[in-house]
Structure formats: structure tokens, C-alpha cells
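Everything below concerns the one structure shown next.
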Amino acid sequence: MADVLSQAQIDALLNAVRTGEKDLNSSDADNQKKYQKYDFASPRKFTKDRIKMLNGIFENYGRVVSSRLNARLRTNCEVTVESIEEQRYYEFSNALTEGDVLALIGVDLKGKEKDAPVLFYLSTNTALSMMDRLMGGEGAPDDHLDSEYSYTDLELQLYEDLIRDIASVMDSSWENYIAVHYYYDKTDVNPTLNQILGVDETVIIADMKLQFSNMSGRMSICMPGELLMDIFAEISRENPVRRTAVEDKSEEIFDSLRDSRLEIIAELGGTELSLRDVYHLNVGDVIDLGHSKDSPIYLEIGGYRWFSGRMGTHKKNMAVKIDDVCYQAEQRSE
């Protein structure tokens, strides 16, 4: 049975439509949360923690590349990570055209060269703008560039020089996890015809944005899934060694800090006096701190409250007995 609206409800609905609070063209289906479909035929290989770790690695790599390009191109360049996604290789290769150029980067892991290369892609407009800056130009983008533009031999040499330089600093972004060496291998001028990886092979694609003063471009890095699995397996094997090294180092640090001296201030209370009252103070006068004798006393280290306790004596000396530790930053700043 259909719901029947009262006259008051009808008036409220018409008023909402007139004021714009209610849009009759919008449906509840549009407001529902959209979920990404999970493909059980090809399950994900990399967890969110792995993707998060890769995001941190490429963010560090972007900062290194930014400083490198700033020096080479004599202009301000900011490289940021836009996305790190697990995909199939055909999703990457289908976006390429016949005029696109790929740089193949070899990987040396623990002295063993891996067969599957890392693929570097610079959009044509971005690469030409960077080459123009290398030759002394301003790097102005060409808005009328043909989508099937083919590089000249000179441009391919400049392209190779650029990618060789960019790839050479990739090692440093991984050094906190594992020693891996990346080196320029060759340039593929027609990646749509060459079968570099299997079409259904799992890859990680890092899309990075290059922002210059007069244009913005895109760089994509495609890493084979099997290569990353080997790298993550090697990182997992090295974790116990790295953890022991960190623990040993922390123990050495604490040994050197144990004899350090810290100033601890016990705050008994506080009050405000006028300059006239302070001028007339004499020996024996009592100042009310507005703090009862049973109220807690706070111990400050470095200007922050770290402990609370009670005032007392110890071996005929004034002392503070610690009752509580202020673990939270909010408690310390109160």
C-alpha cells in the first residue's frame, strides 16, 4: 500500500523544491556509496601495507628527482606522486600509442640481474619540453603536437640522457629497506609491437606529476609484480637482521644518555601579585598560592608536564612522591 502524505508534508516538500533544498532530478541511487568490484579470477597480490610502503618510497624518489631536475634544467620542478595502483600490464600498454617511447631499466638485486625490466614512460609533450630546456630554451609546451609524433635521432639521444640520469637516483629511495641497483638498459621506440611483459601479468604503476613554472607533465613507472615479490621477499628475510641492528643501536644510544643530567621543576602553584605588593613584602610574610596542600604537584621536564605527585619529605629533605605519569601529549601541555 502506498504511503499517503499529509497536507503539512506536501507543503514542506513543495517549499523545499522551491528553495532548492530538494532536487527532484537526483535519485537515492546517486547518493549511495559506490564500491569497487573485486575480481576473484585475478586476486590482488599486494596488500595495502605494501602499497603504502611503495607510496612512501616513490614520494622520496620524487623529492630526489625534483632536486636533480632543478639542477639540470635550471628551473623549478616539483615531482609528486598521484597514484600507486596494482593493475594488469595490458591496462598500461593499451594507453600507449605508436609514437610513444619507453625506457627499459634493468634491476640488480643482490648481485643477480632480473629479466623483467622496470618501464619508464614520459609523456611526449613533457619529454620535448625538458629537452628544450636542456638545449637552452624555455620549455614552452606545444599545444598543437601530433598525437603520433615520432622522436628524431637527436631527441632520442637527449631522451636517453634524461632517463639515464633520472633512473640513476632510484637506488637511494630503496636504501632504507634493501640494497637494489637500477640502471638504464635501452629505449623501446615502439612498445605497442614489442611484447615486453605478459598482457595479464600483475604490475604496479606509479603515476607521478611533474609541475614546471609554465607547464605540467606526467611520468609513469611500471614495475613487474614478480620483481616486486622478489624484493619484498628479500626485505622480509632481512628484517630480523635489521631489527637486531636497530635494537643494538638504540641500546648504545641509551647507554650514552643514562648519565645525562636533566632539570626537573616541581610546580607548587602560582599566583599574581602587583608590583606594590611585591615591594612591601617582608621576611615572614605568607603568599597564598591558591593551591591546597593535598592537591597534586606537577613535575616539568623541558617545559612539559611529565609526572604528577604529592609533596612530602624524604630523609629530612623536601621531596615529591610520583603518583602518575602523563603519557599523553595533551596531558603534558595542560
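All residue names refer to the C-alpha cells as shown: chains lettered A, B, ... in order, residues numbered from 1 in each chain, ligands numbered from 1 in order.
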- Task: Determine, counting only C-alpha atoms, which protein, DNA and RNA residues have an atom within 8 Å of an atom of stretch 75-92 of chain A; residues of the same chain fewer than 3 positions away are not included. Present the result as a ChimeraX atom specification.
- Result: /A:44,46,51,54-55,58-59,62-63,65-67,69-71,95-96,197-213,222
Dump of N, CA and C atoms for the selected residues, as a CSV table (one decimal), in the first residue's frame:
```csv
chain,number,residue,atom,x,y,z
A,44,ARG,N,44.3,-9.8,-5.9
A,44,ARG,CA,45.4,-8.8,-5.6
A,44,ARG,C,46.5,-9.5,-5.0
A,46,PHE,N,49.3,-7.6,-3.7
A,46,PHE,CA,49.9,-6.7,-2.8
A,46,PHE,C,48.9,-6.1,-1.8
A,51,ILE,N,51.4,-1.4,-0.6
A,51,ILE,CA,51.1,-0.2,-1.5
A,51,ILE,C,51.5,1.0,-0.7
A,54,LEU,N,55.2,1.4,-0.8
A,54,LEU,CA,55.7,1.8,-2.2
A,54,LEU,C,55.4,3.3,-2.3
A,55,ASN,N,54.2,3.8,-1.8
A,55,ASN,CA,53.9,5.2,-1.9
A,55,ASN,C,55.0,6.0,-1.2
A,58,PHE,N,58.2,6.0,-3.4
A,58,PHE,CA,58.1,6.9,-4.6
A,58,PHE,C,58.0,8.4,-4.2
A,59,GLU,N,57.4,8.7,-3.1
A,59,GLU,CA,57.4,10.1,-2.6
A,59,GLU,C,58.9,10.5,-2.4
A,62,GLY,N,60.5,11.0,-5.7
A,62,GLY,CA,60.0,12.2,-6.3
A,62,GLY,C,60.8,13.4,-5.8
A,63,ARG,N,61.1,13.5,-4.5
A,63,ARG,CA,61.9,14.6,-4.0
A,63,ARG,C,63.3,14.6,-4.5
A,65,VAL,N,64.3,13.3,-7.4
A,65,VAL,CA,64.2,13.7,-8.9
A,65,VAL,C,64.0,15.2,-9.0
A,66,SER,N,63.1,15.8,-8.1
A,66,SER,CA,62.9,17.2,-8.2
A,66,SER,C,64.2,18.0,-8.1
A,67,SER,N,65.0,17.7,-7.1
A,67,SER,CA,66.3,18.4,-6.9
A,67,SER,C,67.2,18.1,-8.1
A,69,LEU,N,66.3,17.5,-11.3
A,69,LEU,CA,65.9,18.2,-12.5
A,69,LEU,C,66.0,19.7,-12.3
A,70,ASN,N,65.9,20.2,-11.1
A,70,ASN,CA,66.1,21.6,-10.8
A,70,ASN,C,67.5,22.0,-11.2
A,71,ALA,N,68.5,21.2,-11.0
A,71,ALA,CA,69.9,21.5,-11.3
A,71,ALA,C,70.1,21.3,-12.8
A,95,ALA,N,47.2,2.0,-23.1
A,95,ALA,CA,47.2,3.5,-23.1
A,95,ALA,C,48.3,4.1,-23.9
A,96,LEU,N,49.3,3.3,-24.5
A,96,LEU,CA,50.4,3.8,-25.3
A,96,LEU,C,50.0,3.8,-26.7
A,197,LEU,N,56.2,-7.5,-21.5
A,197,LEU,CA,55.7,-8.3,-20.4
A,197,LEU,C,54.4,-9.0,-20.9
A,198,GLY,N,54.0,-10.1,-20.1
A,198,GLY,CA,52.7,-10.7,-20.5
A,198,GLY,C,51.6,-9.8,-20.2
A,199,VAL,N,50.6,-9.9,-21.1
A,199,VAL,CA,49.5,-8.9,-21.0
A,199,VAL,C,48.7,-9.0,-19.7
A,200,ASP,N,48.6,-10.3,-19.1
A,200,ASP,CA,47.9,-10.5,-17.9
A,200,ASP,C,48.8,-10.4,-16.7
A,201,GLU,N,50.1,-10.1,-16.8
A,201,GLU,CA,51.0,-10.0,-15.7
A,201,GLU,C,50.7,-8.9,-14.8
A,202,THR,N,50.7,-9.1,-13.5
A,202,THR,CA,50.5,-8.1,-12.5
A,202,THR,C,51.6,-7.1,-12.4
A,203,VAL,N,51.3,-5.9,-12.4
A,203,VAL,CA,52.3,-4.8,-12.3
A,203,VAL,C,51.8,-3.7,-11.3
A,204,ILE,N,52.8,-3.0,-10.8
A,204,ILE,CA,52.5,-1.8,-10.0
A,204,ILE,C,52.8,-0.6,-10.9
A,205,ILE,N,51.9,0.3,-11.0
A,205,ILE,CA,52.1,1.5,-11.8
A,205,ILE,C,52.0,2.7,-10.9
A,206,ALA,N,53.1,3.5,-10.9
A,206,ALA,CA,53.3,4.7,-10.2
A,206,ALA,C,53.1,5.9,-11.1
A,207,ASP,N,52.1,6.6,-11.0
A,207,ASP,CA,51.9,7.8,-11.8
A,207,ASP,C,52.4,9.0,-11.0
A,208,MET,N,53.3,9.8,-11.6
A,208,MET,CA,53.9,11.0,-11.0
A,208,MET,C,53.6,12.2,-11.8
A,209,LYS,N,53.4,13.3,-11.2
A,209,LYS,CA,53.1,14.6,-11.9
A,209,LYS,C,54.4,15.5,-11.8
A,210,LEU,N,54.8,16.0,-12.9
A,210,LEU,CA,55.9,16.9,-13.0
A,210,LEU,C,55.4,18.3,-13.2
A,211,GLN,N,55.5,19.2,-12.2
A,211,GLN,CA,55.0,20.6,-12.3
A,211,GLN,C,56.1,21.6,-12.5
A,212,PHE,N,56.1,22.2,-13.7
A,212,PHE,CA,57.1,23.3,-14.0
A,212,PHE,C,56.4,24.6,-13.9
A,213,SER,N,57.1,25.7,-14.1
A,213,SER,CA,56.6,27.0,-14.0
A,213,SER,C,55.6,27.3,-15.1
A,222,CYS,N,56.3,1.6,-14.4
A,222,CYS,CA,55.7,0.3,-14.3
A,222,CYS,C,56.6,-0.7,-13.8
```
- Task: Give me the residues within 8 Å of A:Asp323 as a ChimeraX atom specification, counting only C-alpha atoms and dropping any in the same chain fewer than 3 places off.
- Result: /A:307-310
- Query: Which residues come within 7 Å of stretch 154-170 of chain A, counting only C-alpha atoms, excluding same-chain residues fewer than 5 positions away, as a PyMOL selection string?
  - Reply: chain A and resi 61+65+131+182-184
With N, CA, C and O atoms retained, write the just-selected residues as a PDB file, in the first residue's frame.
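Result written to part-v5.pdb:
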```
ATOM      1  N   TYR A  61      61.480   9.227  -3.762  1.00  0.00           N
ATOM      2  CA  TYR A  61      62.092   9.281  -5.094  1.00  0.00           C
ATOM      3  C   TYR A  61      61.714  10.570  -5.819  1.00  0.00           C
ATOM      4  O   TYR A  61      62.549  11.187  -6.492  1.00  0.00           O
ATOM      5  N   VAL A  65      64.268  13.309  -7.446  1.00  0.00           N
ATOM      6  CA  VAL A  65      64.191  13.671  -8.863  1.00  0.00           C
ATOM      7  C   VAL A  65      63.956  15.169  -9.015  1.00  0.00           C
ATOM      8  O   VAL A  65      64.499  15.810  -9.928  1.00  0.00           O
ATOM      9  N   MET A 131      63.608  18.506 -23.015  1.00  0.00           N
ATOM     10  CA  MET A 131      64.712  18.583 -23.977  1.00  0.00           C
ATOM     11  C   MET A 131      64.959  20.031 -24.415  1.00  0.00           C
ATOM     12  O   MET A 131      66.113  20.446 -24.584  1.00  0.00           O
ATOM     13  N   TYR A 182      69.378   0.103  -9.847  1.00  0.00           N
ATOM     14  CA  TYR A 182      68.647   0.313 -11.086  1.00  0.00           C
ATOM     15  C   TYR A 182      69.586   0.971 -12.097  1.00  0.00           C
ATOM     16  O   TYR A 182      70.309   1.909 -11.757  1.00  0.00           O
ATOM     17  N   TYR A 183      69.560   0.498 -13.322  1.00  0.00           N
ATOM     18  CA  TYR A 183      70.451   1.054 -14.349  1.00  0.00           C
ATOM     19  C   TYR A 183      69.710   1.092 -15.690  1.00  0.00           C
ATOM     20  O   TYR A 183      68.836   0.266 -15.974  1.00  0.00           O
ATOM     21  N   TYR A 184      70.056   2.087 -16.494  1.00  0.00           N
ATOM     22  CA  TYR A 184      69.434   2.230 -17.811  1.00  0.00           C
ATOM     23  C   TYR A 184      69.868   1.091 -18.724  1.00  0.00           C
ATOM     24  O   TYR A 184      71.059   0.769 -18.833  1.00  0.00           O
TER      25      TYR A 184
END
```
- Message: Can you tell me, as a ChimeraX atom specification, which residues in stretch 98-217 of chain A count as alpha helix (DSSP H) by DSSP?
- Response: /A:124-134,153-168,170-174
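In this model, the gap between atom CA of A:Leu109 and atom CA of A:Ser123 comes to 28.4 Å.
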- Query: So, counting only C-alpha atoms, which residue among A:Phe232, A:Glu113, A:Ala127, A:Ser172 is closest to A:Asn60?
  - Reply: A:Ser172
